[in-house]
$ cat query-v3.pdb   # PDB, C-alpha atoms and all ligand atoms
ATOM      1  CA  MET U  17     -13.028 -24.333  35.964
ATOM      2  CA  LYS U  18     -14.735 -21.134  34.798
ATOM      3  CA  ALA U  19     -17.912 -21.137  32.729
ATOM      4  CA  ALA U  20     -17.569 -22.238  29.124
ATOM      5  CA  VAL U  21     -17.502 -19.437  26.557
ATOM      6  CA  LEU U  22     -17.804 -21.959  23.718
ATOM      7  CA  SER U  23     -19.474 -25.379  24.019
ATOM      8  CA  VAL U  24     -19.168 -27.655  20.994
ATOM      9  CA  ARG U  25     -21.370 -30.755  21.064
ATOM     10  CA  ARG U  26     -21.075 -33.576  18.511
ATOM     11  CA  LEU U  27     -20.288 -31.140  15.714
ATOM     12  CA  SER U  28     -20.041 -32.849  12.312
ATOM     13  CA  VAL U  29     -19.440 -31.419   8.842
ATOM     14  CA  ARG U  30     -20.084 -33.284   5.596
ATOM     15  CA  PHE U  31     -19.329 -31.976   2.108
ATOM     16  CA  LEU U  32     -21.620 -33.221  -0.648
ATOM     17  CA  MET U  33     -19.509 -33.671  -3.761
ATOM     18  CA  PRO U  34     -20.485 -34.158  -7.428
ATOM     19  CA  GLY U  35     -21.640 -37.707  -8.089
ATOM     20  CA  GLY U  36     -23.096 -38.048  -4.585
ATOM     21  CA  ARG U  37     -19.739 -38.551  -2.836
ATOM     22  CA  ARG U  38     -19.638 -37.374   0.802
ATOM     23  CA  VAL U  39     -16.525 -36.073   2.518
ATOM     24  CA  ALA U  40     -16.552 -36.514   6.302
ATOM     25  CA  ALA U  41     -14.466 -33.452   7.201
ATOM     26  CA  VAL U  42     -15.393 -33.312  10.916
ATOM     27  CA  THR U  43     -17.131 -36.006  12.975
ATOM     28  CA  ASP U  44     -18.606 -35.632  16.463
ATOM     29  CA  ALA U  45     -16.272 -32.890  17.733
ATOM     30  CA  HIS U  46     -17.045 -32.328  21.408
ATOM     31  CA  PHE U  47     -15.277 -29.807  23.691
ATOM     32  CA  ASP U  48     -15.581 -26.610  25.749
ATOM     33  CA  VAL U  49     -13.357 -23.544  25.929
ATOM     34  CA  ALA U  50     -13.654 -21.573  29.174
ATOM     35  CA  ALA U  51     -12.974 -17.920  29.944
ATOM     36  CA  GLY U  52      -9.276 -17.471  30.652
ATOM     37  CA  GLU U  53      -8.426 -20.728  28.881
ATOM     38  CA  CYS U  54      -6.511 -21.571  25.723
ATOM     39  CA  LEU U  55      -7.384 -24.812  23.946
ATOM     40  CA  ALA U  56      -4.993 -25.825  21.156
ATOM     41  CA  LEU U  57      -6.507 -27.958  18.400
ATOM     42  CA  ILE U  58      -3.599 -29.761  16.757
ATOM     43  CA  GLY U  59      -3.105 -32.262  13.960
ATOM     44  CA  GLU U  60      -1.647 -32.631  10.490
ATOM     45  CA  SER U  61      -2.810 -30.473   7.553
ATOM     46  CA  GLY U  62      -6.103 -31.670   6.100
ATOM     47  CA  CYS U  63      -7.367 -33.344   9.291
ATOM     48  CA  GLY U  64     -10.425 -31.067   9.549
ATOM     49  CA  LYS U  65      -9.164 -28.386  11.963
ATOM     50  CA  SER U  66      -9.822 -25.409   9.703
ATOM     51  CA  VAL U  67     -13.173 -26.807   8.542
ATOM     52  CA  LEU U  68     -14.213 -26.875  12.193
ATOM     53  CA  ALA U  69     -13.149 -23.222  12.537
ATOM     54  CA  SER U  70     -15.128 -22.283   9.406
ATOM     55  CA  ALA U  71     -18.183 -24.064  10.816
ATOM     56  CA  LEU U  72     -17.982 -21.999  14.017
ATOM     57  CA  LEU U  73     -17.884 -18.788  11.981
ATOM     58  CA  GLY U  74     -20.584 -19.774   9.473
ATOM     59  CA  LEU U  75     -18.067 -19.616   6.632
ATOM     60  CA  LEU U  76     -18.547 -23.076   5.123
ATOM     61  CA  PRO U  77     -19.270 -23.398   1.388
ATOM     62  CA  ALA U  78     -22.784 -24.091   0.147
ATOM     63  CA  ASN U  79     -22.207 -27.837  -0.286
ATOM     64  CA  ALA U  80     -21.505 -28.308   3.445
ATOM     65  CA  GLN U  81     -23.963 -29.899   5.860
ATOM     66  CA  THR U  82     -23.524 -29.524   9.613
ATOM     67  CA  ALA U  83     -24.922 -31.402  12.592
ATOM     68  CA  GLY U  84     -24.596 -30.936  16.344
ATOM     69  CA  GLU U  85     -24.312 -27.709  18.325
ATOM     70  CA  ALA U  86     -21.759 -24.978  18.961
ATOM     71  CA  ARG U  87     -23.041 -22.665  21.683
ATOM     72  CA  LEU U  88     -21.523 -19.249  22.238
ATOM     73  CA  GLY U  89     -23.480 -18.043  25.249
ATOM     74  CA  ASP U  90     -27.145 -18.364  24.284
ATOM     75  CA  LEU U  91     -26.450 -18.565  20.533
ATOM     76  CA  ASP U  92     -26.054 -21.801  18.582
ATOM     77  CA  LEU U  93     -23.537 -20.816  15.922
ATOM     78  CA  LEU U  94     -24.556 -23.690  13.651
ATOM     79  CA  ALA U  95     -28.214 -22.609  13.631
ATOM     80  CA  ALA U  96     -27.619 -18.840  13.388
ATOM     81  CA  ASP U  97     -28.459 -17.058  10.138
ATOM     82  CA  GLU U  98     -25.890 -15.161   8.088
ATOM     83  CA  ARG U  99     -27.227 -11.753   9.167
ATOM     84  CA  THR U 100     -26.761 -12.601  12.864
ATOM     85  CA  LEU U 101     -23.292 -14.009  12.279
ATOM     86  CA  ALA U 102     -22.185 -11.012  10.214
ATOM     87  CA  ARG U 103     -23.658  -8.332  12.505
ATOM     88  CA  THR U 104     -23.144  -9.728  15.985
ATOM     89  CA  VAL U 105     -20.645 -12.598  15.931
ATOM     90  CA  ARG U 106     -17.693 -12.145  13.565
ATOM     91  CA  GLY U 107     -15.334  -9.541  15.011
ATOM     92  CA  ARG U 108     -17.605  -8.752  17.983
ATOM     93  CA  ARG U 109     -18.099 -12.086  19.779
ATOM     94  CA  ILE U 110     -15.449 -14.073  17.901
ATOM     95  CA  GLY U 111     -12.195 -12.436  16.832
ATOM     96  CA  LEU U 112     -10.597 -14.334  13.952
ATOM     97  CA  ILE U 113      -6.930 -14.587  13.101
ATOM     98  CA  PRO U 114      -7.240 -16.239   9.700
ATOM     99  CA  GLN U 115      -5.077 -18.904   8.095
ATOM    100  CA  SER U 116      -4.498 -16.768   4.965
ATOM    101  CA  PRO U 117      -4.103 -13.210   6.262
ATOM    102  CA  ALA U 118      -3.159 -11.691   2.908
ATOM    103  CA  ALA U 119      -6.458 -12.873   1.466
ATOM    104  CA  HIS U 120      -8.318 -11.611   4.551
ATOM    105  CA  LEU U 121      -6.963  -8.066   4.307
ATOM    106  CA  THR U 122      -8.559  -5.559   1.917
ATOM    107  CA  PRO U 123      -5.982  -5.176  -0.885
ATOM    108  CA  VAL U 124      -6.739  -1.563  -1.871
ATOM    109  CA  ARG U 125      -6.479   0.006   1.579
ATOM    110  CA  THR U 126      -3.581   0.605   3.918
ATOM    111  CA  ILE U 127      -3.220  -1.311   7.158
ATOM    112  CA  ARG U 128      -3.736   1.911   9.121
ATOM    113  CA  SER U 129      -7.003   2.587   7.318
ATOM    114  CA  GLN U 130      -8.249  -0.957   7.980
ATOM    115  CA  LEU U 131      -7.276  -0.805  11.642
ATOM    116  CA  GLN U 132      -8.941   2.600  12.112
ATOM    117  CA  GLU U 133     -12.117   1.431  10.449
ATOM    118  CA  THR U 134     -12.185  -1.649  12.686
ATOM    119  CA  VAL U 135     -11.604   0.454  15.822
ATOM    120  CA  ALA U 136     -14.450   2.795  14.832
ATOM    121  CA  GLU U 137     -16.764  -0.111  14.022
ATOM    122  CA  LEU U 138     -16.086  -2.399  16.991
ATOM    123  CA  THR U 139     -15.219  -0.099  19.900
ATOM    124  CA  GLY U 140     -16.771   2.920  21.559
ATOM    125  CA  ILE U 141     -13.765   5.062  20.652
ATOM    126  CA  ARG U 142     -14.702   8.235  18.745
ATOM    127  CA  GLY U 143     -12.761  11.156  17.293
ATOM    128  CA  ARG U 144     -10.005  11.022  14.666
ATOM    129  CA  ALA U 145      -7.080  11.373  17.029
ATOM    130  CA  ALA U 146      -8.386   8.778  19.501
ATOM    131  CA  VAL U 147      -9.180   6.283  16.742
ATOM    132  CA  ARG U 148      -5.716   6.795  15.226
ATOM    133  CA  THR U 149      -4.065   6.255  18.615
ATOM    134  CA  ALA U 150      -6.116   3.090  19.259
ATOM    135  CA  ALA U 151      -5.223   1.713  15.829
ATOM    136  CA  GLU U 152      -1.533   2.312  16.472
ATOM    137  CA  ALA U 153      -1.812   0.639  19.888
ATOM    138  CA  ALA U 154      -3.458  -2.413  18.282
ATOM    139  CA  ALA U 155      -0.613  -2.615  15.760
ATOM    140  CA  GLU U 156       1.951  -2.429  18.540
ATOM    141  CA  ARG U 157       0.267  -5.244  20.485
ATOM    142  CA  ALA U 158       0.730  -7.518  17.468
ATOM    143  CA  ALA U 159       4.317  -6.281  16.872
ATOM    144  CA  PHE U 160       3.290  -4.676  13.593
ATOM    145  CA  PRO U 161       5.878  -1.926  12.897
ATOM    146  CA  SER U 162       4.442   1.586  12.957
ATOM    147  CA  ASP U 163       6.480   2.629   9.913
ATOM    148  CA  HIS U 164       4.600   0.032   7.822
ATOM    149  CA  LEU U 165       1.098   1.179   8.799
ATOM    150  CA  ASP U 166       0.644   3.210   5.626
ATOM    151  CA  ARG U 167       1.470   0.274   3.373
ATOM    152  CA  HIS U 168      -0.995  -1.843   1.424
ATOM    153  CA  PRO U 169      -1.227  -5.617   2.016
ATOM    154  CA  HIS U 170       0.674  -6.459  -1.200
ATOM    155  CA  GLU U 171       3.643  -4.457   0.131
ATOM    156  CA  LEU U 172       3.935  -6.714   3.199
ATOM    157  CA  SER U 173       5.792  -9.977   3.710
ATOM    158  CA  GLY U 174       3.766 -12.995   4.797
ATOM    159  CA  GLY U 175       4.892 -12.495   8.381
ATOM    160  CA  LEU U 176       3.852  -8.844   8.438
ATOM    161  CA  ALA U 177       0.488  -9.660   6.881
ATOM    162  CA  GLN U 178       0.017 -12.210   9.673
ATOM    163  CA  ARG U 179       0.783  -9.579  12.293
ATOM    164  CA  ALA U 180      -1.636  -7.115  10.644
ATOM    165  CA  ALA U 181      -4.387  -9.756  10.774
ATOM    166  CA  THR U 182      -3.577 -10.444  14.429
ATOM    167  CA  ALA U 183      -3.831  -6.722  15.234
ATOM    168  CA  LEU U 184      -7.238  -6.529  13.531
ATOM    169  CA  ALA U 185      -8.506  -9.567  15.455
ATOM    170  CA  LEU U 186      -7.541  -8.099  18.831
ATOM    171  CA  VAL U 187      -9.302  -4.743  18.266
ATOM    172  CA  GLY U 188     -12.840  -5.883  19.094
ATOM    173  CA  ASP U 189     -11.824  -7.546  22.394
ATOM    174  CA  ALA U 190     -14.194 -10.422  21.581
ATOM    175  CA  PRO U 191     -14.895 -12.967  24.365
ATOM    176  CA  LEU U 192     -13.648 -15.762  22.068
ATOM    177  CA  LEU U 193     -10.556 -15.480  19.906
ATOM    178  CA  LEU U 194     -10.188 -18.060  17.165
ATOM    179  CA  ALA U 195      -6.659 -18.236  15.802
ATOM    180  CA  ASP U 196      -6.311 -20.440  12.715
ATOM    181  CA  GLU U 197      -2.600 -21.202  12.206
ATOM    182  CA  PRO U 198      -1.602 -17.794  13.684
ATOM    183  CA  THR U 199       2.136 -18.440  13.339
ATOM    184  CA  THR U 200       2.233 -19.283   9.620
ATOM    185  CA  GLY U 201       5.204 -17.637   7.895
ATOM    186  CA  LEU U 202       6.782 -16.318  11.103
ATOM    187  CA  ASP U 203      10.304 -17.048  12.278
ATOM    188  CA  ARG U 204      10.665 -18.596  15.733
ATOM    189  CA  ASP U 205      11.153 -15.282  17.584
ATOM    190  CA  LEU U 206       7.981 -13.877  16.070
ATOM    191  CA  VAL U 207       6.127 -17.118  16.750
ATOM    192  CA  ASP U 208       7.019 -16.711  20.409
ATOM    193  CA  HIS U 209       6.011 -13.038  20.384
ATOM    194  CA  THR U 210       2.682 -13.774  18.692
ATOM    195  CA  VAL U 211       1.675 -16.611  21.003
ATOM    196  CA  ASP U 212       2.791 -14.644  24.064
ATOM    197  CA  GLU U 213       0.608 -11.735  22.951
ATOM    198  CA  LEU U 214      -2.355 -14.044  22.460
ATOM    199  CA  ARG U 215      -1.713 -15.615  25.855
ATOM    200  CA  ARG U 216      -1.546 -12.172  27.471
ATOM    201  CA  HIS U 217      -4.886 -11.344  25.868
ATOM    202  CA  VAL U 218      -6.385 -14.465  27.476
ATOM    203  CA  ASP U 219      -4.874 -13.760  30.888
ATOM    204  CA  THR U 220      -5.485 -10.036  31.194
ATOM    205  CA  ALA U 221      -8.874  -9.838  29.500
ATOM    206  CA  ASP U 222     -10.121 -13.249  30.735
ATOM    207  CA  ARG U 223     -10.974 -14.223  27.181
ATOM    208  CA  ALA U 224     -11.228 -17.711  25.685
ATOM    209  CA  LEU U 225      -8.806 -18.724  22.952
ATOM    210  CA  LEU U 226      -9.108 -21.576  20.470
ATOM    211  CA  VAL U 227      -5.815 -21.976  18.609
ATOM    212  CA  ILE U 228      -5.724 -24.220  15.568
ATOM    213  CA  THR U 229      -2.180 -25.163  14.702
ATOM    214  CA  HIS U 230       0.197 -27.826  13.497
ATOM    215  CA  ASP U 231       3.042 -25.997  15.309
ATOM    216  CA  LEU U 232       3.457 -28.128  18.438
ATOM    217  CA  ALA U 233       6.082 -25.813  19.930
ATOM    218  CA  ALA U 234       3.618 -22.918  19.727
ATOM    219  CA  ALA U 235       0.884 -25.096  21.219
ATOM    220  CA  GLU U 236       3.132 -26.106  24.107
ATOM    221  CA  ARG U 237       3.962 -22.461  24.782
ATOM    222  CA  ILE U 238       0.396 -21.185  24.862
ATOM    223  CA  ALA U 239      -2.131 -23.934  25.631
ATOM    224  CA  ASP U 240      -3.862 -24.995  28.854
ATOM    225  CA  ARG U 241      -5.411 -27.997  27.135
ATOM    226  CA  VAL U 242      -4.764 -29.824  23.889
ATOM    227  CA  ALA U 243      -7.233 -31.513  21.512
ATOM    228  CA  VAL U 244      -5.674 -33.796  18.900
ATOM    229  CA  MET U 245      -7.551 -34.259  15.636
ATOM    230  CA  TYR U 246      -7.034 -37.113  13.201
ATOM    231  CA  ALA U 247      -9.102 -37.781  10.082
ATOM    232  CA  GLY U 248     -11.858 -35.428  11.237
ATOM    233  CA  ARG U 249     -12.199 -36.778  14.796
ATOM    234  CA  ILE U 250     -10.818 -35.555  18.121
ATOM    235  CA  VAL U 251      -8.834 -38.558  19.326
ATOM    236  CA  GLU U 252      -7.358 -37.067  22.503
ATOM    237  CA  LEU U 253      -8.349 -34.143  24.749
ATOM    238  CA  THR U 254      -6.191 -33.526  27.791
ATOM    239  CA  ASP U 255      -4.317 -30.874  29.723
ATOM    240  CA  ALA U 256      -1.216 -29.475  28.080
ATOM    241  CA  ALA U 257       1.165 -30.177  30.958
ATOM    242  CA  THR U 258       0.293 -33.884  30.852
ATOM    243  CA  PHE U 259       0.431 -33.982  27.062
ATOM    244  CA  PHE U 260       3.793 -32.298  26.561
ATOM    245  CA  GLY U 261       5.343 -33.437  29.848
ATOM    246  CA  THR U 262       4.999 -36.598  31.909
ATOM    247  CA  PRO U 263       3.411 -39.085  31.393
ATOM    248  CA  GLY U 264       2.655 -37.686  27.929
ATOM    249  CA  PRO U 265      -0.223 -38.409  25.551
ATOM    250  CA  ARG U 266      -2.099 -41.717  25.566
ATOM    251  CA  HIS U 267      -3.193 -42.022  21.932
ATOM    252  CA  PRO U 268      -0.677 -43.699  19.569
ATOM    253  CA  TYR U 269      -1.140 -40.909  17.008
ATOM    254  CA  SER U 270      -0.508 -38.197  19.601
ATOM    255  CA  ARG U 271       2.644 -39.971  20.752
ATOM    256  CA  GLY U 272       3.728 -40.256  17.114
ATOM    257  CA  LEU U 273       3.271 -36.507  16.594
ATOM    258  CA  LEU U 274       5.548 -35.727  19.528
ATOM    259  CA  GLN U 275       8.132 -38.360  18.581
ATOM    260  CA  ALA U 276       8.355 -36.828  15.091
ATOM    261  CA  LEU U 277       9.627 -33.512  16.517
ATOM    262  CA  PRO U 278      13.289 -32.711  15.739
ATOM    263  CA  ASP U 279      14.029 -32.072  19.418
ATOM    264  CA  ARG U 280      12.568 -35.458  20.399
ATOM    265  CA  ASP U 281      13.048 -38.723  18.456
ATOM    266  CA  PHE U 282      12.715 -37.125  14.989
ATOM    267  CA  THR U 283      10.948 -40.319  13.884
ATOM    268  CA  PRO U 284       8.048 -39.715  11.461
ATOM    269  CA  ILE U 285       4.765 -41.578  11.743
ATOM    270  CA  PRO U 286       4.780 -44.230   8.998
ATOM    271  CA  GLY U 287       2.288 -43.927   6.149
ATOM    272  CA  MET U 288      -0.156 -41.163   5.304
ATOM    273  CA  PRO U 289      -3.520 -40.083   6.726
ATOM    274  CA  PRO U 290      -6.565 -41.467   4.883
ATOM    275  CA  GLU U 291      -8.600 -39.321   2.496
ATOM    276  CA  LEU U 292     -11.551 -37.747   4.329
ATOM    277  CA  GLY U 293     -13.734 -38.817   1.410
ATOM    278  CA  ASP U 294     -12.591 -42.424   1.683
ATOM    279  CA  LEU U 295     -12.256 -43.219   5.380
ATOM    280  CA  PRO U 296     -11.819 -46.843   6.411
ATOM    281  CA  ASP U 297     -14.334 -48.578   8.647
ATOM    282  CA  GLY U 298     -13.279 -48.580  12.275
ATOM    283  CA  CYS U 299     -10.377 -46.542  13.630
ATOM    284  CA  ALA U 300      -8.941 -44.316  10.877
ATOM    285  CA  PHE U 301      -5.417 -44.688  12.310
ATOM    286  CA  THR U 302      -5.368 -48.502  11.951
ATOM    287  CA  ALA U 303      -3.082 -48.665   8.901
ATOM    288  CA  ARG U 304      -0.392 -46.621  10.692
ATOM    289  CA  CYS U 305      -0.770 -48.012  14.209
ATOM    290  CA  HIS U 306       1.537 -50.663  15.678
ATOM    291  CA  LEU U 307      -0.992 -51.375  18.457
ATOM    292  CA  SER U 308      -3.877 -52.215  16.117
ATOM    293  CA  THR U 309      -5.911 -55.357  16.838
ATOM    294  CA  ALA U 310      -9.203 -56.806  15.632
ATOM    295  CA  ALA U 311     -10.987 -54.578  18.179
ATOM    296  CA  CYS U 312      -9.946 -51.536  16.122
ATOM    297  CA  ALA U 313     -12.426 -52.499  13.389
ATOM    298  CA  ALA U 314     -14.944 -50.581  15.554
ATOM    299  CA  VAL U 315     -14.634 -46.786  15.750
ATOM    300  CA  PRO U 316     -13.302 -45.905  19.241
ATOM    301  CA  GLN U 317     -15.262 -43.201  21.089
ATOM    302  CA  LEU U 318     -13.717 -40.436  23.167
ATOM    303  CA  THR U 319     -14.004 -41.638  26.756
ATOM    304  CA  ASP U 320     -12.119 -39.979  29.584
ATOM    305  CA  THR U 321      -9.372 -38.239  27.574
ATOM    306  CA  VAL U 322      -8.696 -40.563  24.633
ATOM    307  CA  ALA U 323     -10.462 -42.341  21.745
ATOM    308  CA  CYS U 324      -8.534 -45.597  21.363
ATOM    309  CA  HIS U 325      -9.144 -49.267  22.116
ATOM    310  CA  HIS U 326      -5.584 -49.721  23.405
ATOM    311  CA  PRO U 327      -4.419 -46.371  24.796
ATOM    312  CA  TYR U 328      -1.113 -46.082  26.560
ATOM    313  CA  VAL U 329      -1.466 -46.077  30.333
ATOM    314  CA  PRO U 330       1.057 -44.301  32.562
ATOM    315  CA  GLU U 331       2.641 -47.621  33.575
ATOM    316  CA  ASP U 332       3.364 -48.456  29.891
ATOM    317  CA  ILE U 333       4.843 -45.045  29.299
ATOM    318  CA  ARG U 334       7.196 -45.155  32.275
ATOM    319  CA  ALA U 335       8.297 -48.732  31.508
TER     320      ALA U 335
HETATM  321  S1  LIG B 401      -8.049 -47.792  18.238
HETATM  322 FE1  LIG B 401      -6.560 -49.342  17.615
HETATM  323  S2  LIG B 401      -5.780 -48.684  15.606
HETATM  324 FE2  LIG B 401      -6.797 -46.924  16.572
HETATM  325  S3  LIG B 401      -5.166 -45.834  17.601
HETATM  326 FE3  LIG B 401      -6.058 -47.205  19.109
HETATM  327  S4  LIG B 401      -4.841 -49.088  19.011
HETATM  328 FE4  LIG B 401      -4.369 -47.884  17.169
END
$ encode --input "query-v3.pdb" --output "structure tokens"
Amino acid sequence: MKAAVLSVRRLSVRFLMPGGRRVAAVTDAHFDVAAGECLALIGESGCGKSVLASALLGLLPANAQTAGEARLGDLDLLAADERTLARTVRGRRIGLIPQSPAAHLTPVRTIRSQLQETVAELTGIRGRAAVRTAAEAAAERAAFPSDHLDRHPHELSGGLAQRAATALALVGDAPLLLADEPTTGLDRDLVDHTVDELRRHVDTADRALLVITHDLAAAERIADRVAVMYAGRIVELTDAATFFGTPGPRHPYSRGLLQALPDRDFTPIPGMPPELGDLPDGCAFTARCHLSTAACAAVPQLTDTVACHHPYVPEDIRA
């Protein structure tokens, strides 16, 4: 295993709401992402994945409180001030493919103009012709069509806006790429193209990639390891081949996610996730779990690869 580019240690995020209510958006997240590795953080919408990404980038709202550490080299992202994050981290040390690309793009400027500005700002490339060529190459890497470069964001479909945001994120060649739902709005062919491009970036440039997604097919295509998040906690962290292949995941929620896929059992997990502002005591999956016992009244900790009092073992799975 290569050295970790990102080391997250017991990262928690709480939102303080009017009336003193606290929302436990992320609790004790703990993982590394190494150079040349892709970690996919998966889970249903609202489980805390994007809040975790915002915490890493220092983009949480003012009512958020964080605890723990997130080290990018010698810098603790959670303790860094806004000036440091803006000048040395976002775009330069962490490239972001955002969840809402249309909102991330500047509405009054063309995609070409935004790409050229980013090339000039983040790379050593100088001279109009060279900057223009580099911007066009970045667009091509993200499969953004060259005949749309002089359009404004509002003239793009959701899929094209996503590809423009991907192109912008790749320009700075940051050591860590953080892709937050990078395949939103894309048809399956473009999903494959996008994740293959991201994977190529990891392999050829030896960069680290943290992909946040609810698209399990995309995760299977790109990831070396998988972290499953449920109700703000990572409940399973294992290698992708084991997770998607044999013997498969060990946590009941992870197994439910895979069994819900149309090309597997197509059987949804019963019930709904709990509200992050009203989590039950003990394991948050209890109400939906057919393996629940009295032991599950205590919160299970992540040991080995899974946080569960009664995880599947390979013998169960093969039986
Ligand atoms: S700890 Fe208990 S309730 Fe939670 S997933 Fe495991 S078996 Fe199910």
$ residues_around --input "query-v3.pdb" --residues "Tyr269 (chain U)" --least-positions-apart "2" --cutoff "10 Å" --atoms "only C-alpha atoms" --output "compact mmCIF listing (two decimals) with C-alpha atoms, in the coordinates of the input"
# COMPACT_ATOMS: atom_id res chain seq x y z
CA GLY U 59 -3.10 -32.26 13.96
CA VAL U 244 -5.67 -33.80 18.90
CA MET U 245 -7.55 -34.26 15.64
CA TYR U 246 -7.03 -37.11 13.20
CA VAL U 251 -8.83 -38.56 19.33
CA GLU U 252 -7.36 -37.07 22.50
CA PRO U 265 -0.22 -38.41 25.55
CA ARG U 266 -2.10 -41.72 25.57
CA HIS U 267 -3.19 -42.02 21.93
CA ARG U 271 2.64 -39.97 20.75
CA GLY U 272 3.73 -40.26 17.11
CA LEU U 273 3.27 -36.51 16.59
CA LEU U 274 5.55 -35.73 19.53
CA GLN U 275 8.13 -38.36 18.58
CA ILE U 285 4.76 -41.58 11.74
CA PHE U 301 -5.42 -44.69 12.31
CA ARG U 304 -0.39 -46.62 10.69
CA CYS U 305 -0.77 -48.01 14.21
CA CYS U 324 -8.53 -45.60 21.36
$ atom_distance --input "query-v3.pdb" --atom1 "CA of Val207 (chain U)" --atom2 "CA of Ala234 (chain U)"
7.0 Å
$ resolve_selection --input "query-v3.pdb" --expression "the PyMOL selection byres (((not hetatm)) within 8 of (chain B and resi 401))" --output "PyMOL selection string"
chain U and resi 267-269+298-309+311-316+323-327
$ closest_residue --input "query-v3.pdb" --among "U:Leu72, U:Leu295, U:Leu101, U:Val24" --to "His46 (chain U)" --atoms "all atoms listed in the file"
U:Val24
$ atom_distance --input "query-v3.pdb" --atom1 "CA of Gly84 (chain U)" --atom2 "CA of Leu27 (chain U)"
4.4 Å
$ resolve_selection --input "query-v3.pdb" --expression "the PyMOL selection byres (((chain U and resi 174-188) around 6) and not hetatm)" --output "ChimeraX atom specification"
/U:108,111-113,117-118,138,154-155,158,160,172-173,189-190,201-202
$ write_last_selection --input "query-v3.pdb" --atoms "C-alpha atoms" --output "PDB file, keeping the file's coordinate frame"
ATOM      1  CA  ARG U 108     -17.605  -8.752  17.983  1.00  0.00           C
ATOM      2  CA  GLY U 111     -12.195 -12.436  16.832  1.00  0.00           C
ATOM      3  CA  LEU U 112     -10.597 -14.334  13.952  1.00  0.00           C
ATOM      4  CA  ILE U 113      -6.930 -14.587  13.101  1.00  0.00           C
ATOM      5  CA  PRO U 117      -4.103 -13.210   6.262  1.00  0.00           C
ATOM      6  CA  ALA U 118      -3.159 -11.691   2.908  1.00  0.00           C
ATOM      7  CA  LEU U 138     -16.086  -2.399  16.991  1.00  0.00           C
ATOM      8  CA  ALA U 154      -3.458  -2.413  18.282  1.00  0.00           C
ATOM      9  CA  ALA U 155      -0.613  -2.615  15.760  1.00  0.00           C
ATOM     10  CA  ALA U 158       0.730  -7.518  17.468  1.00  0.00           C
ATOM     11  CA  PHE U 160       3.290  -4.676  13.593  1.00  0.00           C
ATOM     12  CA  LEU U 172       3.935  -6.714   3.199  1.00  0.00           C
ATOM     13  CA  SER U 173       5.792  -9.977   3.710  1.00  0.00           C
ATOM     14  CA  ASP U 189     -11.824  -7.546  22.394  1.00  0.00           C
ATOM     15  CA  ALA U 190     -14.194 -10.422  21.581  1.00  0.00           C
ATOM     16  CA  GLY U 201       5.204 -17.637   7.895  1.00  0.00           C
ATOM     17  CA  LEU U 202       6.782 -16.318  11.103  1.00  0.00           C
TER      18      LEU U 202
END
$ closest_residue --input "query-v3.pdb" --among "U:Asp279, U:Asp196, U:Glu291, U:Glu133" --to "Val67 (chain U)" --atoms "only C-alpha atoms"
U:Asp196
